[in-house]
file final.txt (compact mmCIF, C-alpha atoms)
# COMPACT_ATOMS: atom_id res chain seq x y z
CA MET B 1 9.43 -7.84 60.92
CA THR B 2 12.80 -8.16 62.70
CA ASP B 3 11.03 -8.68 66.03
CA LYS B 4 8.93 -11.43 64.52
CA THR B 5 12.03 -13.20 63.15
CA THR B 6 13.78 -12.97 66.54
CA LYS B 7 10.72 -14.37 68.29
CA GLU B 8 10.52 -17.24 65.80
CA ARG B 9 14.22 -18.00 66.31
CA SER B 10 13.86 -17.97 70.10
CA PHE B 11 10.83 -20.25 69.88
CA PHE B 12 12.74 -22.63 67.61
CA LEU B 13 15.74 -22.57 69.95
CA ILE B 14 13.62 -23.39 73.00
CA ARG B 15 11.96 -26.26 71.15
CA ALA B 16 15.31 -27.61 69.91
CA LEU B 17 16.81 -27.40 73.41
CA SER B 18 13.79 -29.13 74.95
CA ALA B 19 14.01 -31.92 72.39
CA ALA B 20 17.75 -32.33 72.98
CA PHE B 21 17.23 -32.41 76.77
CA PHE B 22 14.45 -35.00 76.50
CA LEU B 23 16.61 -37.14 74.20
CA MET B 24 19.50 -36.88 76.65
CA ILE B 25 17.30 -38.08 79.52
CA CYS B 26 16.01 -40.98 77.46
CA VAL B 27 19.48 -42.02 76.28
CA SER B 28 20.94 -41.79 79.78
CA GLY B 29 18.22 -44.12 81.01
CA CYS B 30 18.63 -46.74 78.36
CA ALA B 31 21.00 -49.59 78.97
CA LEU B 32 22.30 -51.08 75.78
CA GLY B 33 21.33 -54.69 75.34
CA LYS B 34 24.27 -56.96 75.94
CA GLY B 35 24.32 -60.57 74.81
CA ILE B 36 25.78 -63.22 77.07
CA LYS B 37 29.32 -63.91 76.01
CA HIS B 38 29.81 -67.57 76.80
CA TYR B 39 32.10 -70.45 75.92
CA VAL B 40 31.20 -73.84 74.52
CA ARG B 41 34.00 -76.29 73.78
CA PRO B 42 34.28 -76.52 70.01
CA GLY B 43 33.07 -79.76 68.47
CA LEU B 44 31.06 -80.75 71.52
CA ASP B 45 27.29 -80.91 71.69
CA VAL B 46 26.58 -79.84 75.26
CA LYS B 47 22.84 -80.36 74.70
CA HIS B 48 23.39 -84.11 74.81
CA ILE B 49 24.48 -83.89 78.43
CA ASN B 50 21.38 -84.69 80.41
CA LYS B 51 22.64 -85.88 83.77
CA ILE B 52 24.41 -83.30 85.89
CA ALA B 53 25.63 -82.88 89.46
CA VAL B 54 25.55 -79.28 90.65
CA LEU B 55 28.20 -78.60 93.28
CA PRO B 56 27.68 -75.90 95.93
CA PHE B 57 28.55 -72.47 94.56
CA GLU B 58 31.19 -70.11 95.90
CA ASN B 59 29.74 -67.07 97.59
CA PHE B 60 31.52 -63.72 97.15
CA THR B 61 28.64 -61.67 98.48
CA SER B 62 27.77 -60.39 101.93
CA ASP B 63 24.53 -62.42 101.84
CA THR B 64 25.34 -65.69 103.61
CA PHE B 65 22.68 -67.60 101.70
CA ALA B 66 23.20 -66.10 98.23
CA ALA B 67 25.09 -69.11 96.87
CA ASP B 68 22.48 -71.59 98.15
CA LYS B 69 19.61 -69.49 96.76
CA ILE B 70 21.25 -69.25 93.34
CA LYS B 71 22.17 -72.94 93.34
CA SER B 72 18.59 -74.02 94.02
CA LEU B 73 17.32 -71.70 91.27
CA VAL B 74 19.87 -73.23 88.86
CA VAL B 75 18.79 -76.75 89.83
CA ILE B 76 15.09 -75.89 89.35
CA ASP B 77 15.80 -74.26 85.98
CA LEU B 78 17.78 -77.27 84.78
CA LEU B 79 15.07 -79.68 85.95
CA SER B 80 12.40 -77.64 84.16
CA ARG B 81 14.36 -78.11 80.94
CA GLY B 82 14.33 -81.89 81.33
CA VAL B 83 17.90 -82.22 82.59
CA ASP B 84 18.39 -84.89 85.23
CA VAL B 85 20.00 -83.21 88.23
CA ILE B 86 21.38 -85.22 91.14
CA GLU B 87 19.67 -84.41 94.42
CA PRO B 88 21.66 -81.66 96.21
CA GLY B 89 21.68 -83.67 99.46
CA GLU B 90 23.36 -86.54 97.65
CA VAL B 91 26.08 -84.21 96.36
CA MET B 92 26.62 -82.64 99.80
CA GLY B 93 26.88 -86.07 101.40
CA LEU B 94 29.51 -87.13 98.90
CA LEU B 95 31.53 -83.93 99.40
CA ARG B 96 31.50 -84.57 103.14
CA GLU B 97 32.65 -88.16 102.56
CA MET B 98 35.45 -86.90 100.31
CA LYS B 99 36.39 -84.36 103.02
CA LEU B 100 36.41 -81.53 100.50
CA ARG B 101 36.57 -78.46 102.68
CA SER B 102 37.00 -75.71 100.13
CA LEU B 103 35.17 -75.33 96.84
CA LYS B 104 38.07 -73.19 95.62
CA SER B 105 40.40 -76.15 95.54
CA ILE B 106 38.30 -78.73 93.69
CA THR B 107 40.71 -80.42 91.30
CA SER B 108 40.19 -82.40 88.10
CA LYS B 109 40.72 -85.57 90.14
CA ASN B 110 37.92 -84.58 92.53
CA ILE B 111 35.56 -83.77 89.66
CA LYS B 112 36.27 -87.12 88.01
CA GLN B 113 35.67 -88.92 91.29
CA ILE B 114 32.39 -87.08 91.93
CA ALA B 115 31.18 -87.82 88.41
CA GLU B 116 32.06 -91.50 88.70
CA ILE B 117 30.35 -91.98 92.05
CA LEU B 118 27.22 -90.02 91.12
CA LYS B 119 27.20 -91.46 87.59
CA VAL B 120 26.76 -88.13 85.85
CA GLN B 121 27.95 -86.89 82.47
CA ALA B 122 29.02 -83.49 83.76
CA VAL B 123 29.64 -81.55 86.94
CA MET B 124 28.57 -77.92 87.33
CA THR B 125 30.51 -75.45 89.45
CA GLY B 126 29.78 -71.78 89.93
CA SER B 127 30.00 -68.64 91.98
CA VAL B 128 27.85 -65.70 92.95
CA GLY B 129 29.63 -62.35 92.65
CA VAL B 130 26.80 -59.97 93.52
CA PHE B 131 23.38 -60.59 95.04
CA LYS B 132 21.96 -57.43 96.55
CA GLU B 133 19.77 -54.39 96.21
CA SER B 134 22.13 -51.71 94.87
CA ARG B 135 21.47 -48.04 95.31
CA GLY B 136 21.61 -45.63 92.42
CA VAL B 137 21.43 -41.86 92.58
CA THR B 138 17.74 -41.82 93.43
CA VAL B 139 16.51 -45.38 93.13
CA SER B 140 17.49 -48.84 94.29
CA TYR B 141 17.52 -51.87 92.02
CA PRO B 142 18.39 -55.57 92.26
CA GLU B 143 21.85 -56.55 91.07
CA VAL B 144 22.91 -60.16 90.54
CA SER B 145 26.01 -61.55 88.88
CA ILE B 146 26.87 -65.22 88.54
CA SER B 147 29.49 -67.42 86.95
CA LEU B 148 28.76 -71.00 85.88
CA MET B 149 31.00 -73.73 84.49
CA LEU B 150 30.31 -77.22 83.26
CA HIS B 151 33.04 -79.86 83.44
CA GLU B 152 32.86 -83.01 81.37
CA ALA B 153 33.03 -86.12 83.54
CA GLU B 154 35.59 -88.08 81.53
CA THR B 155 38.13 -85.41 80.68
CA THR B 156 37.13 -82.88 83.40
CA ASP B 157 37.66 -80.17 80.76
CA ILE B 158 35.55 -77.03 80.97
CA ILE B 159 32.97 -77.60 78.26
CA TRP B 160 30.75 -74.59 78.94
CA SER B 161 31.28 -71.41 80.85
CA ALA B 162 29.28 -68.21 81.22
CA TRP B 163 29.40 -65.11 83.36
CA HIS B 164 26.47 -62.77 83.40
CA THR B 165 25.07 -59.85 85.32
CA THR B 166 21.82 -57.95 85.42
CA GLY B 167 22.06 -54.31 84.51
CA GLY B 168 21.02 -51.46 86.75
CA ALA B 169 17.58 -49.93 87.11
CA ASP B 170 15.41 -49.98 84.01
CA PHE B 171 14.07 -46.87 82.23
CA MET B 172 10.75 -46.73 84.11
CA THR B 173 12.44 -47.12 87.51
CA ARG B 174 15.13 -44.55 86.70
CA HIS B 175 12.86 -41.82 85.46
CA PHE B 176 9.47 -42.45 87.00
CA GLY B 177 10.41 -44.35 90.16
CA ALA B 178 8.28 -47.31 89.05
CA GLU B 179 8.76 -50.43 91.10
CA GLY B 180 11.01 -52.87 89.29
CA LYS B 181 11.61 -56.57 89.69
CA THR B 182 12.50 -58.11 93.04
CA LEU B 183 15.91 -59.62 93.74
CA ASP B 184 14.58 -63.17 93.40
CA GLU B 185 12.76 -62.42 90.14
CA THR B 186 15.93 -60.83 88.75
CA ALA B 187 17.98 -63.87 89.79
CA LYS B 188 15.48 -66.23 88.11
CA ILE B 189 15.59 -64.27 84.84
CA LEU B 190 19.39 -64.07 84.93
CA ILE B 191 19.75 -67.84 85.49
CA SER B 192 17.25 -68.61 82.77
CA ASP B 193 19.15 -66.35 80.33
CA VAL B 194 22.47 -67.99 81.21
CA ILE B 195 21.17 -71.56 80.88
CA ASP B 196 19.48 -70.61 77.60
CA THR B 197 23.00 -70.50 76.13
CA ILE B 198 23.22 -74.31 76.42
CA TYR B 199 19.73 -75.79 76.66
CA MET H 1 24.93 -9.21 66.68
CA ASN H 2 23.82 -9.55 70.28
CA LEU H 3 22.05 -12.79 69.47
CA CYS H 4 25.22 -14.07 67.79
CA LYS H 5 27.24 -13.26 70.94
CA LYS H 6 24.70 -15.12 73.07
CA TYR H 7 25.00 -18.17 70.82
CA ILE H 8 28.79 -18.10 71.03
CA LEU H 9 28.68 -17.76 74.81
CA THR H 10 26.21 -20.65 75.16
CA PHE H 11 28.33 -22.79 72.85
CA MET H 12 31.50 -22.03 74.86
CA VAL H 13 29.79 -22.89 78.17
CA LEU H 14 28.54 -26.15 76.68
CA ILE H 15 32.00 -27.08 75.36
CA THR H 16 33.56 -26.29 78.75
CA MET H 17 30.99 -28.52 80.47
CA ILE H 18 31.60 -31.36 78.05
CA LEU H 19 35.38 -31.14 78.32
CA SER H 20 35.29 -30.96 82.11
CA GLY H 21 33.24 -34.15 82.12
CA CYS H 22 35.48 -36.04 79.77
CA ARG H 23 38.38 -38.06 81.01
CA GLY H 24 40.84 -40.11 79.07
CA ASN H 25 40.57 -43.80 80.00
CA VAL H 26 43.17 -45.18 77.66
CA PRO H 27 44.52 -48.59 78.61
CA ILE H 28 48.27 -48.80 79.20
CA TYR H 29 49.47 -52.06 77.81
CA HIS H 30 52.51 -53.86 76.52
CA VAL H 31 52.73 -56.86 74.23
CA LYS H 32 56.11 -58.44 73.57
CA SER H 33 56.45 -58.10 69.82
CA ASP H 34 58.54 -61.20 69.12
CA VAL H 35 56.10 -63.63 70.74
CA ASP H 36 53.77 -65.82 68.71
CA PHE H 37 50.56 -65.87 70.75
CA SER H 38 49.07 -68.68 68.67
CA PHE H 39 51.53 -70.96 70.47
CA PHE H 40 49.66 -70.49 73.75
CA LYS H 41 46.84 -72.99 73.95
CA ASN H 42 46.51 -73.46 77.71
CA VAL H 43 46.84 -70.87 80.45
CA ALA H 44 46.32 -70.85 84.18
CA VAL H 45 44.77 -67.83 85.86
CA LEU H 46 46.42 -67.33 89.24
CA PRO H 47 44.56 -65.70 92.14
CA LEU H 48 44.65 -61.93 91.69
CA ASP H 49 46.24 -59.77 94.33
CA ASN H 50 43.49 -57.86 96.07
CA LEU H 51 44.60 -54.31 96.89
CA THR H 52 41.12 -53.10 97.77
CA ASN H 53 39.00 -53.05 100.90
CA ASP H 54 36.49 -55.45 99.34
CA LYS H 55 37.49 -58.94 100.45
CA ALA H 56 35.95 -60.66 97.42
CA ALA H 57 37.19 -58.25 94.72
CA GLY H 58 40.12 -60.44 93.65
CA GLU H 59 37.96 -63.56 93.34
CA ILE H 60 35.13 -61.77 91.53
CA VAL H 61 37.48 -60.26 88.94
CA LYS H 62 39.32 -63.58 88.54
CA GLN H 63 36.05 -65.37 87.73
CA VAL H 64 35.31 -62.79 85.04
CA VAL H 65 38.86 -63.10 83.63
CA VAL H 66 38.50 -66.90 83.37
CA SER H 67 35.06 -66.61 81.79
CA GLU H 68 36.09 -63.91 79.31
CA LEU H 69 39.27 -65.76 78.31
CA LEU H 70 37.25 -68.89 77.58
CA ALA H 71 34.55 -66.91 75.77
CA SER H 72 37.17 -65.22 73.58
CA GLY H 73 37.88 -68.67 72.12
CA LEU H 74 41.55 -67.82 72.24
CA ILE H 75 42.86 -70.03 74.99
CA ASP H 76 41.88 -72.97 77.19
CA VAL H 77 41.91 -72.23 80.90
CA VAL H 78 42.88 -74.65 83.64
CA ILE H 79 40.25 -75.39 86.32
CA PRO H 80 40.71 -72.81 89.11
CA GLY H 81 40.83 -75.50 91.80
CA GLU H 82 43.72 -77.17 90.00
CA VAL H 83 45.67 -73.89 90.20
CA MET H 84 45.02 -73.53 93.95
CA SER H 85 46.11 -77.11 94.50
CA ALA H 86 49.37 -76.58 92.55
CA ILE H 87 50.14 -73.38 94.49
CA SER H 88 49.62 -75.22 97.74
CA GLU H 89 51.70 -78.24 96.66
CA LEU H 90 54.59 -76.02 95.55
CA GLY H 91 54.46 -74.22 98.89
CA ILE H 92 54.05 -70.78 97.30
CA GLN H 93 53.15 -68.37 100.07
CA ASN H 94 53.01 -65.02 98.31
CA ILE H 95 51.32 -65.09 94.92
CA SER H 96 51.95 -61.37 94.31
CA SER H 97 55.71 -61.76 94.09
CA LEU H 98 56.40 -64.85 92.03
CA ASN H 99 59.90 -65.31 90.69
CA LYS H 100 60.87 -66.90 87.39
CA SER H 101 61.54 -70.33 88.87
CA GLN H 102 58.15 -70.35 90.62
CA ILE H 103 56.40 -69.38 87.36
CA LYS H 104 58.24 -72.18 85.57
CA ALA H 105 57.38 -74.68 88.32
CA LEU H 106 53.68 -73.67 88.28
CA GLY H 107 53.54 -73.93 84.51
CA LYS H 108 55.10 -77.37 84.59
CA ALA H 109 52.78 -78.60 87.35
CA LEU H 110 49.68 -77.34 85.54
CA GLY H 111 50.79 -78.28 82.01
CA VAL H 112 50.27 -74.79 80.61
CA GLU H 113 52.29 -72.55 78.31
CA ALA H 114 51.56 -69.33 80.21
CA VAL H 115 50.17 -68.06 83.49
CA ILE H 116 48.04 -64.96 84.00
CA MET H 117 48.47 -63.02 87.18
CA GLY H 118 47.65 -59.51 88.32
CA SER H 119 45.90 -57.36 90.85
CA VAL H 120 42.72 -55.46 91.54
CA GLN H 121 43.71 -51.95 92.58
CA GLN H 122 40.37 -50.23 92.78
CA TYR H 123 36.98 -51.82 93.32
CA GLY H 124 34.42 -49.54 94.85
CA GLU H 125 32.74 -46.17 94.91
CA VAL H 126 34.56 -42.97 94.04
CA ARG H 127 33.14 -39.65 95.19
CA SER H 128 33.32 -36.26 93.57
CA GLY H 129 31.32 -33.54 95.28
CA ASN H 130 27.91 -34.96 96.04
CA GLN H 131 28.12 -37.57 93.28
CA SER H 132 29.49 -41.08 93.54
CA ALA H 133 30.05 -43.87 91.04
CA SER H 134 31.64 -47.31 90.88
CA GLU H 135 35.20 -47.58 89.59
CA VAL H 136 37.42 -50.58 88.89
CA THR H 137 41.16 -50.64 88.14
CA ILE H 138 42.90 -53.88 87.26
CA THR H 139 46.36 -54.94 86.22
CA LEU H 140 46.84 -58.18 84.32
CA MET H 141 50.07 -59.83 83.20
CA MET H 142 50.81 -62.94 81.19
CA ALA H 143 54.10 -64.73 81.85
CA GLU H 144 55.55 -67.31 79.51
CA VAL H 145 56.28 -70.50 81.41
CA GLU H 146 59.35 -71.50 79.39
CA SER H 147 61.31 -68.34 80.08
CA GLY H 148 59.37 -66.88 83.01
CA ASN H 149 59.23 -63.53 81.16
CA ILE H 150 56.21 -61.24 81.05
CA ILE H 151 54.89 -61.15 77.51
CA TRP H 152 51.68 -59.13 77.98
CA SER H 153 50.63 -56.65 80.58
CA ILE H 154 47.84 -54.12 80.91
CA THR H 155 46.53 -51.60 83.42
CA LEU H 156 43.01 -50.40 82.90
CA THR H 157 40.48 -48.28 84.76
CA ARG H 158 36.79 -48.14 84.00
CA GLY H 159 33.77 -46.55 85.59
CA GLY H 160 33.91 -43.45 87.70
CA LEU H 161 31.85 -40.36 87.10
CA ASP H 162 31.21 -39.88 83.41
CA PHE H 163 29.82 -36.78 81.68
CA MET H 164 26.15 -37.66 82.23
CA ALA H 165 26.72 -38.53 85.89
CA ARG H 166 28.78 -35.39 86.56
CA HIS H 167 26.43 -32.92 84.93
CA PHE H 168 23.00 -34.50 85.05
CA GLY H 169 23.30 -36.98 87.93
CA ALA H 170 22.47 -39.81 85.54
CA GLN H 171 23.09 -43.35 86.71
CA SER H 172 26.28 -44.93 85.46
CA GLU H 173 26.89 -48.67 84.97
CA THR H 174 26.60 -51.14 87.86
CA MET H 175 29.75 -52.52 89.46
CA SER H 176 29.32 -55.89 87.74
CA GLU H 177 28.93 -54.26 84.32
CA ILE H 178 32.07 -52.23 84.95
CA VAL H 179 34.03 -55.35 85.94
CA GLN H 180 32.86 -57.15 82.81
CA GLY H 181 33.72 -54.12 80.67
CA VAL H 182 37.19 -53.62 82.10
CA VAL H 183 38.13 -57.31 81.80
CA ARG H 184 36.67 -57.59 78.30
CA GLU H 185 38.58 -54.50 77.18
CA ALA H 186 41.81 -55.85 78.66
CA ILE H 187 41.45 -59.25 76.97
CA GLN H 188 40.49 -57.55 73.72
CA THR H 189 44.06 -56.18 73.48
CA LEU H 190 45.29 -59.77 73.54
CA VAL H 191 42.68 -60.96 71.04
CA GLU H 192 43.49 -58.13 68.63
CA TYR H 193 47.16 -58.94 68.80
call {"tool": "encode", "arguments": {"input": "final.txt", "output": "structure tokens"}}
result
Amino acid sequence: MTDKTTKERSFFLIRALSAAFFLMICVSGCALGKGIKHYVRPGLDVKHINKIAVLPFENFTSDTFAADKIKSLVVIDLLSRGVDVIEPGEVMGLLREMKLRSLKSITSKNIKQIAEILKVQAVMTGSVGVFKESRGVTVSYPEVSISLMLHEAETTDIIWSAWHTTGGADFMTRHFGAEGKTLDETAKILISDVIDTIY
Amino acid sequence: MNLCKKYILTFMVLITMILSGCRGNVPIYHVKSDVDFSFFKNVAVLPLDNLTNDKAAGEIVKQVVVSELLASGLIDVVIPGEVMSAISELGIQNISSLNKSQIKALGKALGVEAVIMGSVQQYGEVRSGNQSASEVTITLMMAEVESGNIIWSITLTRGGLDFMARHFGAQSETMSEIVQGVVREAIQTLVEY
């Protein structure tokens, strides 16, 4: 009788430990959903802004073309939502005319001037913090982080700002080595999520 | 009795493992008690001093600070380019060692009530045995323009090898998530105040 009870206890213990271990694996693989914390100037309806100039983005990554890739994805996303975006070549030409060498030092005066010349309601600036395939313990996954800002043409105030990043590898990639999304697909989703906060 | 001893032993091993994996990550911060933070409507975020080997660390963290400050709905932030232009016009060479008169001059030039400055001390991988994880340490300070005094400061570390990474090799957060977390936590101390 005692032997039977001991066996039952051991069996129960093994099952409980297995369940706890499985739960631990699952929890460690789950990233908690994080909403995009963004800023919209109070009392302003950003949705009414439908003509934008997107300036070249700052690139803080080791990928020389990361900023250009992200910028074109942003432009395409905005266009697909019915926002009128000034042709990037037009913007680049103007920046060259204005002899603006560094994107870091674009002032309110510059923004106002750009908006006036291009006849837009707002000017978008941004930066790319990360754009690479990161390596985890056993898997690699795409990691992208961007920052976007919208400046109103008249006041040059920041009327919308958002910073967002993609998380690490998803559950299936972490635990089963399943192939995840590509870097470009991840960037597209990230941009779409960020722009969803205004349009 | 033997079974009871086994349970106790297992429990003790488990507790030891948990405690060895836990590390206190309490922010060290100071808020000047006699300051009314509702007075501050506009701030300028100065370039952060980059004390890491990653060339872009200062800029990346600064972008997140600007974004999180705006998203907190607490304060309006001056356009970063405007700040760079003012620094250049005032002929400030070393942003990491500003004196009171320079803080006052910057504040006046930018039309803000306070400036936020700081540094990125750690931005990269930390190794422990055969495990590695991303870790970020930042220091942020807010100086009142009128007096040039520091009214808020915080040092915070986030990331590193947590319990799951240490004991089970589980993946920790990405570098970007850690940066966002550390900045958000730092600004939260200001929001709560």
call {"tool": "closest_residue", "arguments": {"input": "final.txt", "among": "H:Val43, H:Ile178, H:Val64, H:Leu140", "to": "Gly129 in chain B", "atoms": "only C-alpha atoms"}}
result
H:Val64
call {"tool": "closest_atom_pairs", "arguments": {"input": "final.txt", "of": "chain H", "to": "chain B", "cutoff": "6 Å", "atoms": "only C-alpha atoms", "output": "JSON lines"}}
result
{"residue": "H:Ala56", "atom": "CA", "partner": "B:Phe60", "partner_atom": "CA", "distance": 5.4}
{"residue": "H:Ile60", "atom": "CA", "partner": "B:Gly129", "partner_atom": "CA", "distance": 5.6}
{"residue": "H:Leu70", "atom": "CA", "partner": "B:Tyr39", "partner_atom": "CA", "distance": 5.6}
{"residue": "H:Ala71", "atom": "CA", "partner": "B:Tyr39", "partner_atom": "CA", "distance": 4.3}
{"residue": "H:Gly81", "atom": "CA", "partner": "B:Ser105", "partner_atom": "CA", "distance": 3.8}
{"residue": "H:Glu82", "atom": "CA", "partner": "B:Thr107", "partner_atom": "CA", "distance": 4.6}
{"residue": "H:Met84", "atom": "CA", "partner": "B:Ser105", "partner_atom": "CA", "distance": 5.5}
{"residue": "H:Ser85", "atom": "CA", "partner": "B:Ser105", "partner_atom": "CA", "distance": 5.9}
{"residue": "H:Thr174", "atom": "CA", "partner": "B:Gly168", "partner_atom": "CA", "distance": 5.7}
call {"tool": "residues_around", "arguments": {"input": "final.txt", "residues": "Leu90 in chain H", "least_positions_apart": "3", "cutoff": "8 Å", "atoms": "all atoms listed in the file", "output": "NGL selection string"}}
result
:H and (86-87 or 105-106)
call {"tool": "residues_near_point", "arguments": {"input": "final.txt", "point": "(31.3, -82.6, 78.2)", "cutoff": "7 Å", "atoms": "only C-alpha atoms", "output": "list in words"}}
result
Leu44, Val46, Ile49, Gln121, Ala122, His151, Glu152, Ala153 and Ile159 of chain B
call {"tool": "atom_distance", "arguments": {"input": "final.txt", "atom1": "CA of Thr137 in chain H", "atom2": "CA of Leu156 in chain H"}}
result
5.6 Å
call {"tool": "atom_distance", "arguments": {"input": "final.txt", "atom1": "CA of Leu13 in chain B", "atom2": "CA of Leu161 in chain H"}}
result
29.5 Å
call {"tool": "atom_distance", "arguments": {"input": "final.txt", "atom1": "CA of Thr139 in chain H", "atom2": "CA of Val120 in chain H"}}
result
6.5 Å
call {"tool": "residues_around", "arguments": {"input": "final.txt", "residues": "range 112-115 of chain H", "least_positions_apart": "6", "cutoff": "6 Å", "atoms": "all atoms listed in the file", "output": "compact mmCIF listing (two decimals) with C-alpha atoms, keeping the file's coordinate frame"}}
result
# COMPACT_ATOMS: atom_id res chain seq x y z
CA PHE H 40 49.66 -70.49 73.75
CA ASN H 42 46.51 -73.46 77.71
CA VAL H 43 46.84 -70.87 80.45
CA ALA H 44 46.32 -70.85 84.18
CA VAL H 45 44.77 -67.83 85.86
CA MET H 142 50.81 -62.94 81.19
CA ALA H 143 54.10 -64.73 81.85
CA GLU H 144 55.55 -67.31 79.51
CA VAL H 145 56.28 -70.50 81.41
call {"tool": "closest_residue", "arguments": {"input": "final.txt", "among": "B:Gln113, B:Ser72, B:Ser80, B:Thr186", "to": "Phe131 in chain B", "atoms": "only C-alpha atoms"}}
result
B:Thr186
call {"tool": "residues_around", "arguments": {"input": "final.txt", "residues": "Asp49 in chain H", "least_positions_apart": "4", "cutoff": "8 Å", "atoms": "all atoms listed in the file", "output": "list in words"}}
result
Gly58, Ile95, Ser96, Gly118, Ser119 and Val120 of chain H
call {"tool": "residues_around", "arguments": {"input": "final.txt", "residues": "range 75-77 of chain B", "least_positions_apart": "3", "cutoff": "8 Å", "atoms": "all atoms listed in the file", "output": "PyMOL selection string"}}
result
chain B and resi 54+71-72+80-81+85+191-192+195
call {"tool": "closest_residue", "arguments": {"input": "final.txt", "among": "B:Glu116, B:Asp84, B:Asp184, B:Leu150", "to": "Glu133 in chain B", "atoms": "all atoms listed in the file"}}
result
B:Asp184
call {"tool": "closest_residue", "arguments": {"input": "final.txt", "among": "H:Met12, H:Gly73, H:Glu135, H:Thr157", "to": "Ala186 in chain H", "atoms": "only C-alpha atoms"}}
result
H:Thr157
call {"tool": "residues_around", "arguments": {"input": "final.txt", "residues": "Tyr123 in chain H", "least_positions_apart": "2", "cutoff": "8 Å", "atoms": "only C-alpha atoms", "output": "NGL selection string"}}
result
:H and (52-54 or 57 or 120-121 or 125 or 134-137)
call {"tool": "residues_near_point", "arguments": {"input": "final.txt", "point": "(52.0, -66.8, 69.8)", "cutoff": "12 Å", "atoms": "all atoms listed in the file", "output": "list in words"}}
result
Val31, Lys32, Ser33, Asp34, Val35, Asp36, Phe37, Ser38, Phe39, Phe40, Lys41, Asn42, Leu74, Ile75, Glu113, Ala114, Glu144, Ile151, Trp152, Leu190, Val191 and Tyr193 of chain H
call {"tool": "closest_residue", "arguments": {"input": "final.txt", "among": "B:Ala16, B:Leu118, B:Ile70, B:Val194", "to": "Ile52 in chain B", "atoms": "only C-alpha atoms"}}
result
B:Leu118
call {"tool": "decode", "arguments": {"input": "final.txt", "residues": "range 113-125 of chain H", "atoms": "N, CA and C atoms", "output": "compact mmCIF listing (two decimals), in the first residue's frame"}}
result
# COMPACT_ATOMS: atom_id res chain seq x y z
N GLU H 113 12.44 75.86 -21.08
CA GLU H 113 12.58 76.04 -19.64
C GLU H 113 13.63 75.10 -19.04
N ALA H 114 13.91 74.02 -19.77
CA ALA H 114 14.90 73.05 -19.25
C ALA H 114 15.59 72.34 -20.40
N VAL H 115 16.77 71.83 -20.11
CA VAL H 115 17.48 71.02 -21.12
C VAL H 115 17.75 69.64 -20.52
N ILE H 116 17.69 68.64 -21.38
CA ILE H 116 17.98 67.27 -20.94
C ILE H 116 19.30 66.84 -21.57
N MET H 117 20.18 66.40 -20.74
CA MET H 117 21.47 65.93 -21.25
C MET H 117 21.78 64.58 -20.59
N GLY H 118 22.86 63.97 -20.96
CA GLY H 118 23.19 62.69 -20.35
C GLY H 118 24.20 61.92 -21.15
N SER H 119 24.29 60.64 -20.84
CA SER H 119 25.27 59.80 -21.54
C SER H 119 24.77 58.37 -21.68
N VAL H 120 25.36 57.69 -22.64
CA VAL H 120 25.09 56.25 -22.81
C VAL H 120 26.38 55.56 -22.37
N GLN H 121 26.29 54.80 -21.28
CA GLN H 121 27.51 54.20 -20.72
C GLN H 121 27.75 52.77 -21.19
N GLN H 122 26.67 52.08 -21.45
CA GLN H 122 26.79 50.70 -21.93
C GLN H 122 25.77 50.47 -23.02
N TYR H 123 26.21 49.93 -24.13
CA TYR H 123 25.30 49.66 -25.24
C TYR H 123 25.93 48.52 -26.03
N GLY H 124 25.62 47.32 -25.64
CA GLY H 124 26.22 46.19 -26.34
C GLY H 124 26.00 44.88 -25.61
N GLU H 125 26.77 43.89 -26.03
CA GLU H 125 26.62 42.54 -25.49
C GLU H 125 27.47 42.39 -24.22
